>>> print(open('start_14.tsv').read())   # TSV, C-alpha atoms
chain	number	residue	atom	x	y	z
A	719	MET	CA	-137.39	-25.87	6.76
A	720	PRO	CA	-136.46	-26.77	3.18
A	721	ARG	CA	-132.87	-26.63	2.09
A	722	THR	CA	-131.87	-23.52	0.24
A	723	ALA	CA	-130.04	-23.40	-3.06
A	724	GLU	CA	-126.93	-22.34	-1.12
A	725	THR	CA	-126.98	-25.51	1.05
A	726	ALA	CA	-128.43	-28.02	-1.45
A	727	SER	CA	-125.04	-29.67	-2.09
A	728	PHE	CA	-123.96	-29.90	1.57
A	729	LYS	CA	-123.42	-33.41	2.98
A	730	PHE	CA	-122.23	-34.74	6.30
A	731	ASN	CA	-118.94	-36.30	5.23
A	732	HIS	CA	-116.93	-37.58	8.19
A	733	THR	CA	-116.21	-37.72	11.89
A	734	MET	CA	-112.65	-37.84	13.22
A	735	ILE	CA	-111.48	-39.62	16.36
A	736	ARG	CA	-107.93	-39.98	17.66
A	737	VAL	CA	-106.57	-43.47	18.21
A	738	LYS	CA	-103.61	-44.77	20.20
A	739	ASP	CA	-102.56	-47.64	17.92
A	740	PRO	CA	-103.70	-47.65	14.29
A	741	LYS	CA	-102.98	-51.35	13.79
A	742	VAL	CA	-105.34	-52.29	16.61
A	743	SER	CA	-108.00	-49.75	15.59
A	744	LEU	CA	-107.88	-50.64	11.90
A	745	ALA	CA	-108.28	-54.32	12.75
A	746	PHE	CA	-111.33	-53.48	14.87
A	747	TYR	CA	-113.06	-51.26	12.33
A	748	GLN	CA	-112.25	-53.49	9.35
A	749	ASP	CA	-112.48	-57.00	10.81
A	750	ILE	CA	-115.07	-56.52	13.56
A	751	LEU	CA	-117.31	-53.88	11.98
A	752	GLY	CA	-116.62	-54.64	8.31
A	753	MET	CA	-115.60	-51.16	7.19
A	754	ASP	CA	-113.33	-50.65	4.20
A	755	LEU	CA	-110.19	-48.54	4.28
A	756	LEU	CA	-110.73	-45.81	1.70
A	757	SER	CA	-107.35	-44.18	2.05
A	758	GLU	CA	-104.50	-43.42	4.37
A	759	LYS	CA	-102.19	-40.44	4.51
A	760	HIS	CA	-98.95	-40.32	6.45
A	761	PHE	CA	-97.29	-37.13	7.61
A	762	SER	CA	-94.19	-36.54	9.74
A	763	ASP	CA	-95.95	-36.67	13.11
A	764	PHE	CA	-99.42	-38.07	12.41
A	765	SER	CA	-101.33	-40.37	10.06
A	766	LEU	CA	-104.93	-40.32	8.83
A	767	TYR	CA	-107.05	-43.36	7.98
A	768	PHE	CA	-110.45	-42.97	6.29
A	769	LEU	CA	-112.96	-45.83	6.56
A	770	ALA	CA	-116.54	-46.39	5.38
A	771	PHE	CA	-118.99	-49.13	4.56
A	772	SER	CA	-118.98	-50.05	0.86
A	773	HIS	CA	-122.18	-52.12	0.95
A	774	GLY	CA	-120.88	-54.69	-1.51
A	775	ALA	CA	-119.49	-52.22	-4.03
A	776	GLU	CA	-116.07	-53.33	-5.22
A	777	LEU	CA	-114.06	-50.16	-5.64
A	778	THR	CA	-110.52	-49.86	-6.89
A	779	LYS	CA	-107.94	-48.15	-4.71
A	780	GLU	CA	-108.25	-45.05	-6.89
A	781	GLU	CA	-112.06	-45.04	-6.62
A	782	LYS	CA	-111.86	-45.38	-2.85
A	783	GLU	CA	-109.41	-42.48	-2.70
A	784	LYS	CA	-111.61	-40.29	-4.90
A	785	SER	CA	-114.73	-41.11	-2.88
A	786	ARG	CA	-113.21	-40.12	0.46
A	787	PHE	CA	-114.68	-36.60	0.47
A	788	ALA	CA	-117.54	-37.25	-1.97
A	789	ARG	CA	-119.59	-39.60	0.22
A	790	GLU	CA	-121.34	-39.62	3.56
A	791	GLY	CA	-120.66	-41.70	6.65
A	792	VAL	CA	-116.85	-41.70	6.66
A	793	LEU	CA	-114.87	-42.32	9.83
A	794	GLU	CA	-111.43	-40.70	10.05
A	795	LEU	CA	-108.96	-42.22	12.49
A	796	THR	CA	-106.09	-39.90	13.41
A	797	HIS	CA	-102.95	-41.39	14.90
A	798	ASN	CA	-100.41	-39.10	16.54
A	799	HIS	CA	-97.15	-40.98	16.10
A	800	GLY	CA	-95.59	-42.39	19.24
A	801	THR	CA	-98.74	-42.95	21.28
A	802	GLU	CA	-98.77	-46.67	20.45
A	803	SER	CA	-95.44	-47.24	22.22
A	804	ASP	CA	-95.57	-44.58	24.97
A	805	PRO	CA	-95.98	-46.36	28.35
A	806	ASN	CA	-97.12	-43.08	29.92
A	807	PHE	CA	-99.84	-42.37	27.36
A	808	GLN	CA	-103.16	-42.29	29.22
A	809	GLY	CA	-105.42	-42.54	26.16
A	810	TYR	CA	-107.92	-40.09	24.75
A	811	ALA	CA	-111.13	-38.86	26.34
A	812	SER	CA	-114.06	-40.80	24.89
A	813	GLY	CA	-116.32	-37.86	25.61
A	814	ASN	CA	-118.53	-39.84	27.98
A	815	THR	CA	-116.70	-39.18	31.25
A	816	GLU	CA	-115.10	-36.21	32.98
A	817	PRO	CA	-112.83	-34.58	32.10
A	818	GLY	CA	-113.70	-34.03	28.49
A	819	LYS	CA	-117.36	-34.95	28.54
A	820	GLY	CA	-118.99	-33.86	25.30
A	821	PHE	CA	-118.68	-36.23	22.34
A	822	GLY	CA	-120.98	-39.20	22.89
A	823	HIS	CA	-120.76	-41.94	20.26
A	824	ILE	CA	-120.91	-42.99	16.67
A	825	ALA	CA	-123.60	-45.43	15.53
A	826	ILE	CA	-123.95	-48.28	13.07
A	827	THR	CA	-127.13	-49.83	11.73
A	828	VAL	CA	-127.45	-53.61	11.54
A	829	ASP	CA	-130.17	-55.96	10.29
A	830	ASP	CA	-130.42	-57.82	13.61
A	831	VAL	CA	-129.00	-56.28	16.79
A	832	ASP	CA	-129.09	-59.55	18.75
A	833	LYS	CA	-127.22	-61.50	16.06
A	834	ALA	CA	-124.68	-58.69	15.65
A	835	CYS	CA	-124.13	-58.68	19.42
A	836	GLU	CA	-123.69	-62.47	19.47
A	837	ARG	CA	-120.97	-62.03	16.85
A	838	PHE	CA	-119.35	-59.19	18.79
A	839	GLU	CA	-119.43	-61.35	21.92
A	840	SER	CA	-117.74	-64.25	20.11
A	841	LEU	CA	-115.02	-61.87	18.89
A	842	GLY	CA	-114.31	-60.57	22.39
A	843	VAL	CA	-115.71	-57.07	21.89
A	844	THR	CA	-116.31	-55.11	25.09
A	845	PHE	CA	-119.91	-54.04	25.71
A	846	LYS	CA	-121.01	-50.85	27.43
A	847	LYS	CA	-124.68	-51.87	27.12
A	848	ARG	CA	-126.24	-55.07	25.83
A	849	PRO	CA	-129.66	-55.09	24.14
A	850	SER	CA	-131.30	-56.53	27.28
A	851	ASP	CA	-129.77	-53.91	29.63
A	852	GLY	CA	-131.40	-50.71	30.80
A	853	LYS	CA	-134.51	-48.92	29.60
A	854	MET	CA	-133.57	-48.69	25.90
A	855	ARG	CA	-134.16	-52.24	24.67
A	856	HIS	CA	-133.12	-53.43	21.23
A	857	ILE	CA	-129.99	-51.26	21.05
A	858	ALA	CA	-126.48	-51.91	22.25
A	859	PHE	CA	-123.28	-50.00	22.85
A	860	ILE	CA	-119.88	-51.57	22.22
A	861	LEU	CA	-116.46	-50.05	22.83
A	862	ASP	CA	-113.69	-49.69	20.29
A	863	PRO	CA	-110.04	-50.27	21.36
A	864	ASP	CA	-109.74	-46.65	22.54
A	865	GLY	CA	-112.95	-46.74	24.57
A	866	TYR	CA	-115.12	-44.81	22.11
A	867	TRP	CA	-118.77	-45.85	22.28
A	868	ILE	CA	-120.41	-47.33	19.20
A	869	GLU	CA	-124.18	-47.60	19.25
A	870	VAL	CA	-125.62	-50.62	17.46
A	871	VAL	CA	-129.17	-50.01	16.24
A	872	PRO	CA	-131.67	-51.72	13.95
A	873	GLY	CA	-132.64	-50.10	10.65
A	874	VAL	CA	-136.02	-49.19	12.12
A	875	LEU	CA	-136.25	-48.12	15.76
A	876	GLN	CA	-139.20	-46.61	17.57
A	877	LEU	CA	-138.00	-44.13	20.21
>>> encode(input="start_14.tsv", output="structure tokens")
Amino acid sequence: MPRTAETASFKFNHTMIRVKDPKVSLAFYQDILGMDLLSEKHFSDFSLYFLAFSHGAELTKEEKEKSRFAREGVLELTHNHGTESDPNFQGYASGNTEPGKGFGHIAITVDDVDKACERFESLGVTFKKRPSDGKMRHIAFILDPDGYWIEVVPGVLQL
């Protein structure tokens, strides 16, 4: 069905996940996955961090801030203050196990899944599924510090 005039400007902007420790999560998403921090906002009891891939574009801090809601493929990390130091905090539901099954994963596209996985391996990233595992070959699933699944797929994939 073609888009209507009323929906022509709609875009999928972002997905939000809650994280226990923003320092650990930001290091993962920036240093392991190569995402750029677009902006961060701090409130009395929570903080928001917006990340995206810039694909080589060098943006100023102001341009990153302005682009936060004007682009697609943004990941919002929400940190509820205190979880990082609470010894009783059990973590968040990843959505892939009970209770709380529902949300499944986010996905990134890479040029070469095997090379990306070799890099992830060398950096100590935890795998849920390697490219050689299971029925779905040529894809992988890694876990972020909070246990959220990240699918790693090639730019072209025949299902």
>>> closest_atom_pairs(input="start_14.tsv", of="region 757-792 of chain A", to="region 823-827 of chain A", cutoff="12 Å", atoms="all atoms listed in the file", output="tab-separated table")
residue	atom	partner	partner_atom	distance
A:Ala770	CA	A:Ile826	CA	10.8
A:Phe771	CA	A:Ile826	CA	9.9
A:Gly791	CA	A:Ile826	CA	9.8
A:Val792	CA	A:Ile824	CA	10.9
>>> atom_distance(input="start_14.tsv", atom1="CA of Lys782 (chain A)", atom2="CA of Ser762 (chain A)")
23.4 Å
>>> closest_residue(input="start_14.tsv", among="A:Phe764, A:Tyr866, A:Phe821, A:Phe730", to="His799 (chain A)", atoms="all atoms listed in the file")
A:Phe764
>>> atom_distance(input="start_14.tsv", atom1="CA of Leu756 (chain A)", atom2="CA of Phe768 (chain A)")
5.4 Å
>>> residues_around(input="start_14.tsv", residues="Leu766 (chain A)", least_positions_apart="5", cutoff="8 Å", atoms="only C-alpha atoms", output="list in words")
Glu758, Lys759, His760, Glu794, Leu795, Thr796 and His797 of chain A
>>> closest_residue(input="start_14.tsv", among="A:Cys835, A:Leu769, A:Leu875, A:Ile735", to="Gly809 (chain A)", atoms="all atoms listed in the file")
A:Ile735
>>> closest_residue(input="start_14.tsv", among="A:Ala858, A:Ala775, A:Ile868, A:Leu841", to="Ser812 (chain A)", atoms="only C-alpha atoms")
A:Ile868
>>> closest_residue(input="start_14.tsv", among="A:Ser850, A:Ser785, A:Ser765, A:Ser772", to="Asp739 (chain A)", atoms="all atoms listed in the file")
A:Ser765
>>> atom_distance(input="start_14.tsv", atom1="CA of Asn814 (chain A)", atom2="CA of Lys846 (chain A)")
11.3 Å
>>> axis_aligned_box(input="start_14.tsv", around="region 743-761 of chain A", padding_each_side="8 Å", output="AutoDock Vina command-line options")
--center_x -107.3 --center_y -47.1 --center_z 8.6 --size_x 36.0 --size_y 35.9 --size_z 29.9
>>> closest_residue(input="start_14.tsv", among="A:Arg837, A:Lys853, A:Lys779, A:Arg789", to="Ser727 (chain A)", atoms="only C-alpha atoms")
A:Arg789
>>> residues_around(input="start_14.tsv", residues="Val843 (chain A)", least_positions_apart="2", cutoff="12 Å", atoms="all atoms listed in the file", output="PyMOL selection string")
chain A and resi 746-747+749-751+834-841+845-848+858-863+865+867-868
>>> build_atoms(input="start_14.tsv", residues="region 755-766 of chain A", atoms="all heavy atoms", output="compact mmCIF listing (two decimals), keeping the file's coordinate frame")
# COMPACT_ATOMS: atom_id res chain seq x y z
N LEU A 755 -111.14 -49.64 4.24
CA LEU A 755 -110.19 -48.54 4.28
C LEU A 755 -110.23 -47.84 2.94
O LEU A 755 -109.89 -48.43 1.91
CB LEU A 755 -108.78 -49.07 4.58
CG LEU A 755 -107.68 -48.02 4.71
CD1 LEU A 755 -107.93 -47.08 5.88
CD2 LEU A 755 -106.33 -48.71 4.84
N LEU A 756 -110.67 -46.58 2.94
CA LEU A 756 -110.73 -45.81 1.70
C LEU A 756 -109.37 -45.26 1.33
O LEU A 756 -108.99 -45.28 0.16
CB LEU A 756 -111.72 -44.64 1.84
CG LEU A 756 -113.17 -44.99 2.14
CD1 LEU A 756 -113.99 -43.72 2.32
CD2 LEU A 756 -113.75 -45.87 1.05
N SER A 757 -108.67 -44.74 2.32
CA SER A 757 -107.35 -44.18 2.05
C SER A 757 -106.62 -43.94 3.35
O SER A 757 -107.22 -43.93 4.42
CB SER A 757 -107.45 -42.86 1.26
OG SER A 757 -108.00 -41.84 2.06
N GLU A 758 -105.33 -43.78 3.23
CA GLU A 758 -104.50 -43.42 4.37
C GLU A 758 -103.47 -42.42 3.91
O GLU A 758 -102.99 -42.48 2.78
CB GLU A 758 -103.86 -44.64 5.02
CG GLU A 758 -103.01 -45.49 4.12
CD GLU A 758 -102.54 -46.76 4.81
OE1 GLU A 758 -101.49 -46.70 5.48
OE2 GLU A 758 -103.22 -47.79 4.67
N LYS A 759 -103.18 -41.48 4.79
CA LYS A 759 -102.19 -40.44 4.51
C LYS A 759 -101.25 -40.36 5.69
O LYS A 759 -101.69 -40.30 6.84
CB LYS A 759 -102.87 -39.08 4.29
CG LYS A 759 -103.80 -39.04 3.11
CD LYS A 759 -103.05 -39.14 1.82
CE LYS A 759 -103.99 -39.12 0.64
NZ LYS A 759 -103.36 -39.49 -0.59
N HIS A 760 -99.96 -40.35 5.40
CA HIS A 760 -98.95 -40.32 6.45
C HIS A 760 -98.15 -39.02 6.37
O HIS A 760 -97.67 -38.65 5.30
CB HIS A 760 -98.02 -41.52 6.33
CG HIS A 760 -98.76 -42.83 6.39
ND1 HIS A 760 -99.20 -43.37 7.58
CD2 HIS A 760 -99.18 -43.66 5.42
CE1 HIS A 760 -99.84 -44.49 7.33
NE2 HIS A 760 -99.85 -44.69 6.02
N PHE A 761 -98.04 -38.37 7.50
CA PHE A 761 -97.29 -37.13 7.61
C PHE A 761 -96.18 -37.35 8.65
O PHE A 761 -96.08 -38.43 9.24
CB PHE A 761 -98.23 -35.98 8.02
CG PHE A 761 -99.34 -35.77 7.04
CD1 PHE A 761 -100.58 -36.39 7.24
CD2 PHE A 761 -99.17 -35.00 5.91
CE1 PHE A 761 -101.62 -36.22 6.33
CE2 PHE A 761 -100.19 -34.82 4.99
CZ PHE A 761 -101.42 -35.44 5.20
N SER A 762 -95.35 -36.35 8.88
CA SER A 762 -94.19 -36.54 9.74
C SER A 762 -94.55 -36.93 11.17
O SER A 762 -93.88 -37.75 11.78
CB SER A 762 -93.31 -35.28 9.75
OG SER A 762 -94.04 -34.18 10.28
N ASP A 763 -95.63 -36.37 11.72
CA ASP A 763 -95.95 -36.67 13.11
C ASP A 763 -97.35 -37.23 13.33
O ASP A 763 -97.75 -37.48 14.47
CB ASP A 763 -95.73 -35.44 14.00
CG ASP A 763 -96.51 -34.21 13.53
OD1 ASP A 763 -97.04 -34.22 12.40
OD2 ASP A 763 -96.59 -33.25 14.30
N PHE A 764 -98.11 -37.45 12.27
CA PHE A 764 -99.42 -38.07 12.41
C PHE A 764 -99.81 -38.75 11.11
O PHE A 764 -99.26 -38.48 10.04
CB PHE A 764 -100.49 -37.06 12.84
CG PHE A 764 -100.83 -36.03 11.79
CD1 PHE A 764 -101.93 -36.20 10.95
CD2 PHE A 764 -100.06 -34.89 11.64
CE1 PHE A 764 -102.25 -35.25 10.00
CE2 PHE A 764 -100.37 -33.93 10.68
CZ PHE A 764 -101.47 -34.11 9.85
N SER A 765 -100.79 -39.66 11.23
CA SER A 765 -101.33 -40.37 10.06
C SER A 765 -102.85 -40.33 10.13
O SER A 765 -103.44 -40.30 11.21
CB SER A 765 -100.87 -41.84 10.05
OG SER A 765 -99.48 -41.92 9.85
N LEU A 766 -103.47 -40.34 8.95
CA LEU A 766 -104.93 -40.32 8.83
C LEU A 766 -105.39 -41.57 8.10
O LEU A 766 -104.80 -41.95 7.08
CB LEU A 766 -105.38 -39.08 8.04
CG LEU A 766 -104.88 -37.73 8.53
CD1 LEU A 766 -105.32 -36.63 7.57
CD2 LEU A 766 -105.37 -37.45 9.94
